[in-house]
Amino acid sequence: MQLTEIQESLRTLVRSTALDAFNIELEQIVTEYPPKTELGDLAFPVAFDLAKRIKQATGEKSNPRTIAETLKTALGTAEFVGRVEVAGAGYLNVFIDRSKYLAENAAADPLPQRTTSLDPAAQKVCVEHTSVNPNKAAHIGHVRNSVLGDTFVRILRATGKRVEVQNYIDNTGVQVADVVVGFIYTENKDLAAIKELDAGLTADGHSFDFYCWDLYARVGQAYKTDESLKEKRAGVLHLIEEGNNATADLADYVATRNVECILKTMERFSIEYDLLPRESEILHLHFWNKAFERMKELGAIRFEYHGKLAGCWVMPFGSHAGTDEHEADKILVRSNGTVTYTGKDIAYQMWKLGLLGLDFYYRPFHEYPDGKKVWITTAIKAEAVSEHPAFGGGETVYNVIDTRQSYPQEVVRMGVAAIVPDKGEAASVHLSYEMVALSPPAAEELGFQLSDEDKKRSFIEMSGRKGLGVKADELLDRLEINALAEVESRHAEEPDEVRRSIAHQLAVGALRYFLLKFTRTTVIVFDFKEALSFEGETGCFCQYSAVRANSIFRKLAEKGESPEQFQASMASPAFSFDVFEPESADQIWALAILASRLSDTVRQAAEQNEPAILAKYTFNLAKAFNLFYHNHKIIVEEDAARRTILVVTADMARRSLTAALETMGIEVPERM
RNA sequence: GCACCCGUAGCUCAGCUGGAUAGAGUAUCUGACUUCGAAUCAGAGGGUCGCAAGUUCGAAUCUUGCCGGGUGUACCA
């Protein structure tokens, strides 16, 4: 019986006792973790609730402590419960039977539900993340999106959900058009010339997406002075959307090459995808028409005959009493007959939920080193592969998109709910997060001249159009260089290849943890010093704990001792924490019980859509292990009982730590 | 104007659906490498939780109103 199961059985017991003793039915019973081990392992503040309910029912005032005493007797008899105490104003603190718990759970999987996510019968959900416009290299803000999304995917899988990862490719939008304008009109290059340039860049070690990054910024500048260039963009955009022409072919090459580059960048961060749905297919396969017909049938959309929106199809949205009622309407089809982005998004969202009644064609796009394939959509039946996994059709769809798009996301959610009321609004979840901005010194470090006004600001928004941002690959390169220097100073004996691989793992750990430790609603004001740090609350700190734990077991293995051996010897009923001084016993037990909380923490992170909860937990677990590590030497411990408890606890901690880090996409190096 | 987010230690941030003495990291100062690895650990100082009312046995947390900062509110994507 693991910790979560003990919690559940105690909740059941509290519920039935409350009903028997006070005739009160409790719907929700809160379990907390006391701030210190000395206070217990689980706390129930339920007596406060009961006191309130009794007062409501009878009008009589009752003392929470007295109520807690009644419940205490019932809980005291439960399995795995050592003792129960009433503390504070009426807390019910449960102390778990330490030796019994340890003996039974020494070898338990810290994330038991993760195996069910492989079951084809498990509930399927779709997560869309990354979705970088394929016209330039990814910057640190995009990485926040991807790391948040990828970690959320791992969290969902750890709770037993089957997850499909989608990375939406907006290959026909203005951002791609801008770069195409740059290639054709300011660089005077046709497709052949671009291919030649691209080949040269790759040979040079400069990638295509970096080139486009600069070109995009140059075009952005040129628009300011050259009105005719802007007019050309409209033409380019039209040709791209239409397809089957030289400009569209050129745009397709540019977009596809950028997608390849971005996928490569994300692969460095251990991020993989299942499917790349493209906007061009949503267009060419007429997804919108299908959704449009449905919305018309249901009256969810209205044609405007008069006023400033005359000629548009609009969706009524929200209500603003006293204001112009049209202000709340959202245009889905423009008066010239073209569909807006929001309209296309509604159709796409319906497809994700399996409710559109249309499907893409698919072909493989790329194969990862582990053999896993990522697929891409196509509108051309001839190039499609008929044997492909079933895509889309999620029970729930999570869209990882920054908070600035909350309004359009809300429109999409309402639009879908209007078409399929039985699925409702709950099926679409906008996993929003705040932006990554630059501190004024960081912007200057990147070589940008700031106005006096900008210097006064607390942060400066990154901008692809201005070319202002920290490129993901460049930052990771810097982290790898720094990490490599540290590794070289410690492990001169290791071959270069090994040292580089360790430096890479540390760099990824540093950046992923840095982006995950902030809650989603916090604006990350990027600061080089903080992001490049390997000390304090960092990924490196957590990895270091795990590495040290592993080295203990390496040493034990050299002596022919395995954790399994020690787990087996726990079965003897004689062993007890009393072999340690009380203070030591508390400290060791605190680590064991904290390690047991991983699955509950992951569940919480999934429920609240907040990966930062897992990051904080992982850091605390690493800290607790370090404390344990300093105070209790395992290798030199001669007393058999003490040694057993220490080994088993250290093993639980390192397995939880490793699983927690893995759920955040962070690997544990062999040494560091 | 309206909607959403933020305001907690010098700085950067946690604080779960109200609960135990408000916590981390960093910076500053002081200690600890002949030990399973010091990318570590121990200790010290540092707080009117933006302000003001209200609800409650109890508020950093909930409600309302202010103040300060940010983002959105396109026939752009």
# chains A, B, ... in the order shown; residues from 1 in each chain; ligands from 1
call {"tool": "interface_residues", "arguments": {"of": "chain B", "to": "chain A", "cutoff": "7 Å", "atoms": "only C-alpha atoms (C1' of nucleotides)", "output": "compact mmCIF listing (two decimals) with C-alpha atoms (C1' of nucleotides), in the first residue's frame"}}
result
# COMPACT_ATOMS: atom_id res chain seq x y z
C1' C B 5 -2.43 38.65 -15.04
C1' A B 20 0.27 25.21 12.66
C1' G B 25 17.20 30.61 -4.08
C1' C B 36 29.67 7.62 -0.16
C1' G B 37 32.15 13.89 -4.84
C1' A B 39 28.26 22.16 -8.74
C1' C B 41 26.40 21.54 3.69
C1' U B 71 -1.15 42.11 -21.42
C1' G B 72 -5.26 41.83 -24.48
C1' C B 75 -12.53 42.47 -41.82
C1' A B 77 -1.89 35.54 -38.05
call {"tool": "residues_around", "arguments": {"residues": "A59 of chain B", "least_positions_apart": "5", "cutoff": "12 Å", "atoms": "only C-alpha atoms (C1' of nucleotides)", "output": "list in words"}}
result
G18, G19, C49 and G54 of chain B
call {"tool": "closest_residue", "arguments": {"among": "A:Thr4, A:Asn145, A:Gln565, A:Asn23", "to": "Leu516 of chain A", "atoms": "only C-alpha atoms"}}
result
A:Asn145
call {"tool": "residues_around", "arguments": {"residues": "Ser596 of chain A", "least_positions_apart": "6", "cutoff": "9 Å", "atoms": "only C-alpha atoms (C1' of nucleotides)", "output": "VMD selection string"}}
result
chain A and resid 2 to 4 105 110 652 to 653 656
call {"tool": "residues_around", "arguments": {"residues": "A52 of chain B", "least_positions_apart": "3", "cutoff": "12 Å", "atoms": "only C-alpha atoms (C1' of nucleotides)", "output": "number ranges by chain"}}
result
B: 64-67
call {"tool": "write_last_selection", "arguments": {"atoms": "N, CA and C atoms (P, O5', C5', C4', C3', O3' and C1' of nucleotides)", "output": "mmCIF file, in the first residue's frame"}}
result
data_model
loop_
_atom_site.group_PDB
_atom_site.id
_atom_site.type_symbol
_atom_site.label_atom_id
_atom_site.label_comp_id
_atom_site.auth_asym_id
_atom_site.auth_seq_id
_atom_site.Cartn_x
_atom_site.Cartn_y
_atom_site.Cartn_z
ATOM 1 P P U B 64 -15.202 40.921 -5.890
ATOM 2 O "O5'" U B 64 -15.374 42.347 -5.217
ATOM 3 C "C5'" U B 64 -16.676 42.858 -4.949
ATOM 4 C "C4'" U B 64 -16.574 44.134 -4.158
ATOM 5 C "C3'" U B 64 -15.609 45.170 -4.707
ATOM 6 O "O3'" U B 64 -16.172 45.912 -5.777
ATOM 7 C "C1'" U B 64 -15.275 44.956 -2.382
ATOM 8 P P G B 65 -15.228 46.489 -6.931
ATOM 9 O "O5'" G B 65 -14.600 47.754 -6.208
ATOM 10 C "C5'" G B 65 -15.454 48.748 -5.635
ATOM 11 C "C4'" G B 65 -14.632 49.704 -4.827
ATOM 12 C "C3'" G B 65 -13.360 50.191 -5.518
ATOM 13 O "O3'" G B 65 -13.642 51.206 -6.457
ATOM 14 C "C1'" G B 65 -12.863 49.592 -3.291
ATOM 15 P P C B 66 -12.571 51.593 -7.550
ATOM 16 O "O5'" C B 66 -11.708 52.625 -6.705
ATOM 17 C "C5'" C B 66 -10.397 52.920 -7.085
ATOM 18 C "C4'" C B 66 -9.608 53.376 -5.887
ATOM 19 C "C3'" C B 66 -8.129 53.450 -6.190
ATOM 20 O "O3'" C B 66 -7.815 54.700 -6.783
ATOM 21 C "C1'" C B 66 -8.432 52.149 -4.249
ATOM 22 P P C B 67 -7.139 54.685 -8.231
ATOM 23 O "O5'" C B 67 -5.607 54.481 -7.843
ATOM 24 C "C5'" C B 67 -5.028 55.251 -6.790
ATOM 25 C "C4'" C B 67 -3.703 54.673 -6.387
ATOM 26 C "C3'" C B 67 -2.828 54.189 -7.525
ATOM 27 O "O3'" C B 67 -2.153 55.241 -8.184
ATOM 28 C "C1'" C B 67 -2.842 52.569 -5.816
#
call {"tool": "residues_around", "arguments": {"residues": "G15 of chain B", "least_positions_apart": "3", "cutoff": "10 Å", "atoms": "only C-alpha atoms (C1' of nucleotides)", "output": "list in words"}}
result
U8, A22, G23, A60 and U61 of chain B
call {"tool": "residues_around", "arguments": {"residues": "segment 278-293 of chain A", "least_positions_apart": "5", "cutoff": "10 Å", "atoms": "only C-alpha atoms (C1' of nucleotides)", "output": "ChimeraX atom specification"}}
result
/A:131,167-173,240-243,252,298-301,313,332-333,339-341,343-348,350-351,355-361,376-380,415-416,419
call {"tool": "atom_distance", "arguments": {"atom1": "atom CA of Lys72 of chain A", "atom2": "atom CA of Leu19 of chain A"}}
result
14.6 Å
call {"tool": "closest_residue", "arguments": {"among": "A:Asn609, A:Asn244, A:Gln166, A:Asn93", "to": "Thr31 of chain A", "atoms": "only C-alpha atoms"}}
result
A:Asn93
call {"tool": "atom_distance", "arguments": {"atom1": "atom CA of Glu445 of chain A", "atom2": "atom CA of Ile460 of chain A"}}
result
12.9 Å
call {"tool": "atom_distance", "arguments": {"atom1": "atom CA of Thr66 of chain A", "atom2": "atom CA of Val86 of chain A"}}
result
9.1 Å
call {"tool": "select_by_dssp", "arguments": {"residues": "segment 367-465 of chain A", "states": "strand (DSSP E or B)", "output": "JSON, numbers by chain"}}
result
{"A": [367, 373, 374, 375, 376, 377, 378, 396, 397, 398, 399, 400, 401, 402, 428, 429, 430, 431, 432, 433, 436, 437, 438, 460, 461, 463]}
call {"tool": "decode", "arguments": {"residues": "segment 402-525 of chain A", "atoms": "C-alpha atoms", "output": "mmCIF file, in the first residue's frame"}}
result
data_model
loop_
_atom_site.group_PDB
_atom_site.id
_atom_site.type_symbol
_atom_site.label_atom_id
_atom_site.label_comp_id
_atom_site.auth_asym_id
_atom_site.auth_seq_id
_atom_site.Cartn_x
_atom_site.Cartn_y
_atom_site.Cartn_z
ATOM 1 C CA ASP A 402 0.838 32.257 -24.392
ATOM 2 C CA THR A 403 -1.573 34.363 -22.391
ATOM 3 C CA ARG A 404 -1.709 37.135 -24.981
ATOM 4 C CA GLN A 405 -3.907 34.819 -27.023
ATOM 5 C CA SER A 406 -6.416 34.234 -24.235
ATOM 6 C CA TYR A 407 -9.125 36.158 -26.020
ATOM 7 C CA PRO A 408 -8.977 34.312 -29.397
ATOM 8 C CA GLN A 409 -8.599 31.018 -27.512
ATOM 9 C CA GLU A 410 -11.735 31.794 -25.572
ATOM 10 C CA VAL A 411 -13.556 32.503 -28.848
ATOM 11 C CA VAL A 412 -12.445 29.124 -30.227
ATOM 12 C CA ARG A 413 -13.564 27.340 -27.085
ATOM 13 C CA MET A 414 -16.979 28.983 -27.198
ATOM 14 C CA GLY A 415 -17.255 28.347 -30.927
ATOM 15 C CA VAL A 416 -16.610 24.638 -30.535
ATOM 16 C CA ALA A 417 -18.958 24.450 -27.562
ATOM 17 C CA ALA A 418 -21.663 26.094 -29.659
ATOM 18 C CA ILE A 419 -21.340 23.389 -32.338
ATOM 19 C CA VAL A 420 -21.067 20.452 -29.947
ATOM 20 C CA PRO A 421 -22.799 21.398 -26.714
ATOM 21 C CA ASP A 422 -22.556 17.868 -25.305
ATOM 22 C CA LYS A 423 -18.760 18.061 -25.371
ATOM 23 C CA GLY A 424 -18.953 21.556 -24.041
ATOM 24 C CA GLU A 425 -16.369 24.062 -23.023
ATOM 25 C CA ALA A 426 -14.491 21.681 -20.748
ATOM 26 C CA ALA A 427 -13.055 19.680 -23.661
ATOM 27 C CA SER A 428 -10.844 22.582 -24.725
ATOM 28 C CA VAL A 429 -8.192 23.706 -22.295
ATOM 29 C CA HIS A 430 -6.031 26.734 -22.916
ATOM 30 C CA LEU A 431 -2.783 26.104 -21.076
ATOM 31 C CA SER A 432 -1.711 29.712 -20.951
ATOM 32 C CA TYR A 433 1.538 31.103 -19.711
ATOM 33 C CA GLU A 434 3.207 34.502 -19.476
ATOM 34 C CA MET A 435 5.897 35.626 -21.866
ATOM 35 C CA VAL A 436 9.642 35.517 -21.523
ATOM 36 C CA ALA A 437 10.898 39.086 -21.729
ATOM 37 C CA LEU A 438 14.351 40.606 -21.564
ATOM 38 C CA SER A 439 15.740 42.711 -18.770
ATOM 39 C CA PRO A 440 17.086 45.991 -20.210
ATOM 40 C CA PRO A 441 20.708 44.927 -19.487
ATOM 41 C CA ALA A 442 20.096 41.586 -21.221
ATOM 42 C CA ALA A 443 18.776 43.393 -24.321
ATOM 43 C CA GLU A 444 21.876 45.575 -24.367
ATOM 44 C CA GLU A 445 24.062 42.528 -23.959
ATOM 45 C CA LEU A 446 22.492 41.252 -27.174
ATOM 46 C CA GLY A 447 23.697 44.396 -28.899
ATOM 47 C CA PHE A 448 20.473 46.397 -28.958
ATOM 48 C CA GLN A 449 20.383 50.156 -28.565
ATOM 49 C CA LEU A 450 17.686 51.058 -26.063
ATOM 50 C CA SER A 451 15.787 54.311 -25.963
ATOM 51 C CA ASP A 452 15.734 56.180 -22.656
ATOM 52 C CA GLU A 453 12.111 55.160 -22.311
ATOM 53 C CA ASP A 454 12.992 51.493 -22.761
ATOM 54 C CA LYS A 455 15.771 51.685 -20.208
ATOM 55 C CA LYS A 456 13.225 52.707 -17.570
ATOM 56 C CA ARG A 457 10.996 49.722 -18.254
ATOM 57 C CA SER A 458 11.152 46.692 -15.987
ATOM 58 C CA PHE A 459 11.319 44.441 -19.050
ATOM 59 C CA ILE A 460 11.403 44.518 -22.833
ATOM 60 C CA GLU A 461 9.294 42.219 -24.960
ATOM 61 C CA MET A 462 11.175 40.013 -27.397
ATOM 62 C CA SER A 463 10.318 40.557 -31.035
ATOM 63 C CA GLY A 464 11.049 38.338 -33.992
ATOM 64 C CA ARG A 465 10.187 41.171 -36.312
ATOM 65 C CA LYS A 466 12.920 43.289 -34.730
ATOM 66 C CA GLY A 467 15.275 40.339 -34.427
ATOM 67 C CA LEU A 468 15.334 40.979 -30.695
ATOM 68 C CA GLY A 469 15.558 37.760 -28.723
ATOM 69 C CA VAL A 470 17.789 35.096 -27.256
ATOM 70 C CA LYS A 471 18.031 32.262 -29.783
ATOM 71 C CA ALA A 472 17.437 28.853 -28.234
ATOM 72 C CA ASP A 473 20.424 27.190 -29.899
ATOM 73 C CA GLU A 474 22.794 29.985 -28.980
ATOM 74 C CA LEU A 475 21.776 29.905 -25.346
ATOM 75 C CA LEU A 476 22.091 26.135 -25.214
ATOM 76 C CA ASP A 477 25.525 26.418 -26.845
ATOM 77 C CA ARG A 478 26.628 28.843 -24.145
ATOM 78 C CA LEU A 479 25.328 26.580 -21.411
ATOM 79 C CA GLU A 480 27.124 23.603 -22.933
ATOM 80 C CA ILE A 481 30.409 25.518 -23.107
ATOM 81 C CA ASN A 482 30.116 26.575 -19.462
ATOM 82 C CA ALA A 483 29.157 23.092 -18.345
ATOM 83 C CA LEU A 484 31.958 21.542 -20.338
ATOM 84 C CA ALA A 485 34.518 23.739 -18.567
ATOM 85 C CA GLU A 486 33.187 22.530 -15.213
ATOM 86 C CA VAL A 487 33.172 18.890 -16.286
ATOM 87 C CA GLU A 488 36.714 19.146 -17.639
ATOM 88 C CA SER A 489 37.985 20.536 -14.367
ATOM 89 C CA ARG A 490 36.499 17.599 -12.502
ATOM 90 C CA HIS A 491 36.851 14.706 -14.928
ATOM 91 C CA ALA A 492 39.961 15.221 -16.977
ATOM 92 C CA GLU A 493 40.245 11.443 -17.268
ATOM 93 C CA GLU A 494 37.025 10.984 -19.224
ATOM 94 C CA PRO A 495 37.144 10.931 -23.038
ATOM 95 C CA ASP A 496 36.040 14.109 -24.785
ATOM 96 C CA GLU A 497 32.909 12.510 -26.168
ATOM 97 C CA VAL A 498 31.733 11.522 -22.702
ATOM 98 C CA ARG A 499 32.464 14.957 -21.283
ATOM 99 C CA ARG A 500 30.496 16.604 -24.080
ATOM 100 C CA SER A 501 27.560 14.346 -23.534
ATOM 101 C CA ILE A 502 27.542 15.144 -19.811
ATOM 102 C CA ALA A 503 27.828 18.885 -20.535
ATOM 103 C CA HIS A 504 24.855 18.561 -22.857
ATOM 104 C CA GLN A 505 22.745 16.821 -20.211
ATOM 105 C CA LEU A 506 23.636 19.522 -17.692
ATOM 106 C CA ALA A 507 22.869 22.338 -20.123
ATOM 107 C CA VAL A 508 19.448 20.889 -20.945
ATOM 108 C CA GLY A 509 18.787 20.316 -17.249
ATOM 109 C CA ALA A 510 19.723 23.898 -16.444
ATOM 110 C CA LEU A 511 17.499 25.450 -19.080
ATOM 111 C CA ARG A 512 14.514 23.152 -18.632
ATOM 112 C CA TYR A 513 14.549 23.619 -14.877
ATOM 113 C CA PHE A 514 15.002 27.366 -15.224
ATOM 114 C CA LEU A 515 11.879 27.579 -17.394
ATOM 115 C CA LEU A 516 9.856 25.225 -15.190
ATOM 116 C CA LYS A 517 10.518 26.684 -11.771
ATOM 117 C CA PHE A 518 8.357 29.716 -12.455
ATOM 118 C CA THR A 519 4.594 29.314 -12.292
ATOM 119 C CA ARG A 520 2.787 29.866 -15.589
ATOM 120 C CA THR A 521 1.405 33.274 -14.585
ATOM 121 C CA THR A 522 4.844 34.744 -13.877
ATOM 122 C CA VAL A 523 6.539 36.838 -16.540
ATOM 123 C CA ILE A 524 10.088 35.537 -16.819
ATOM 124 C CA VAL A 525 12.401 38.494 -17.121
#
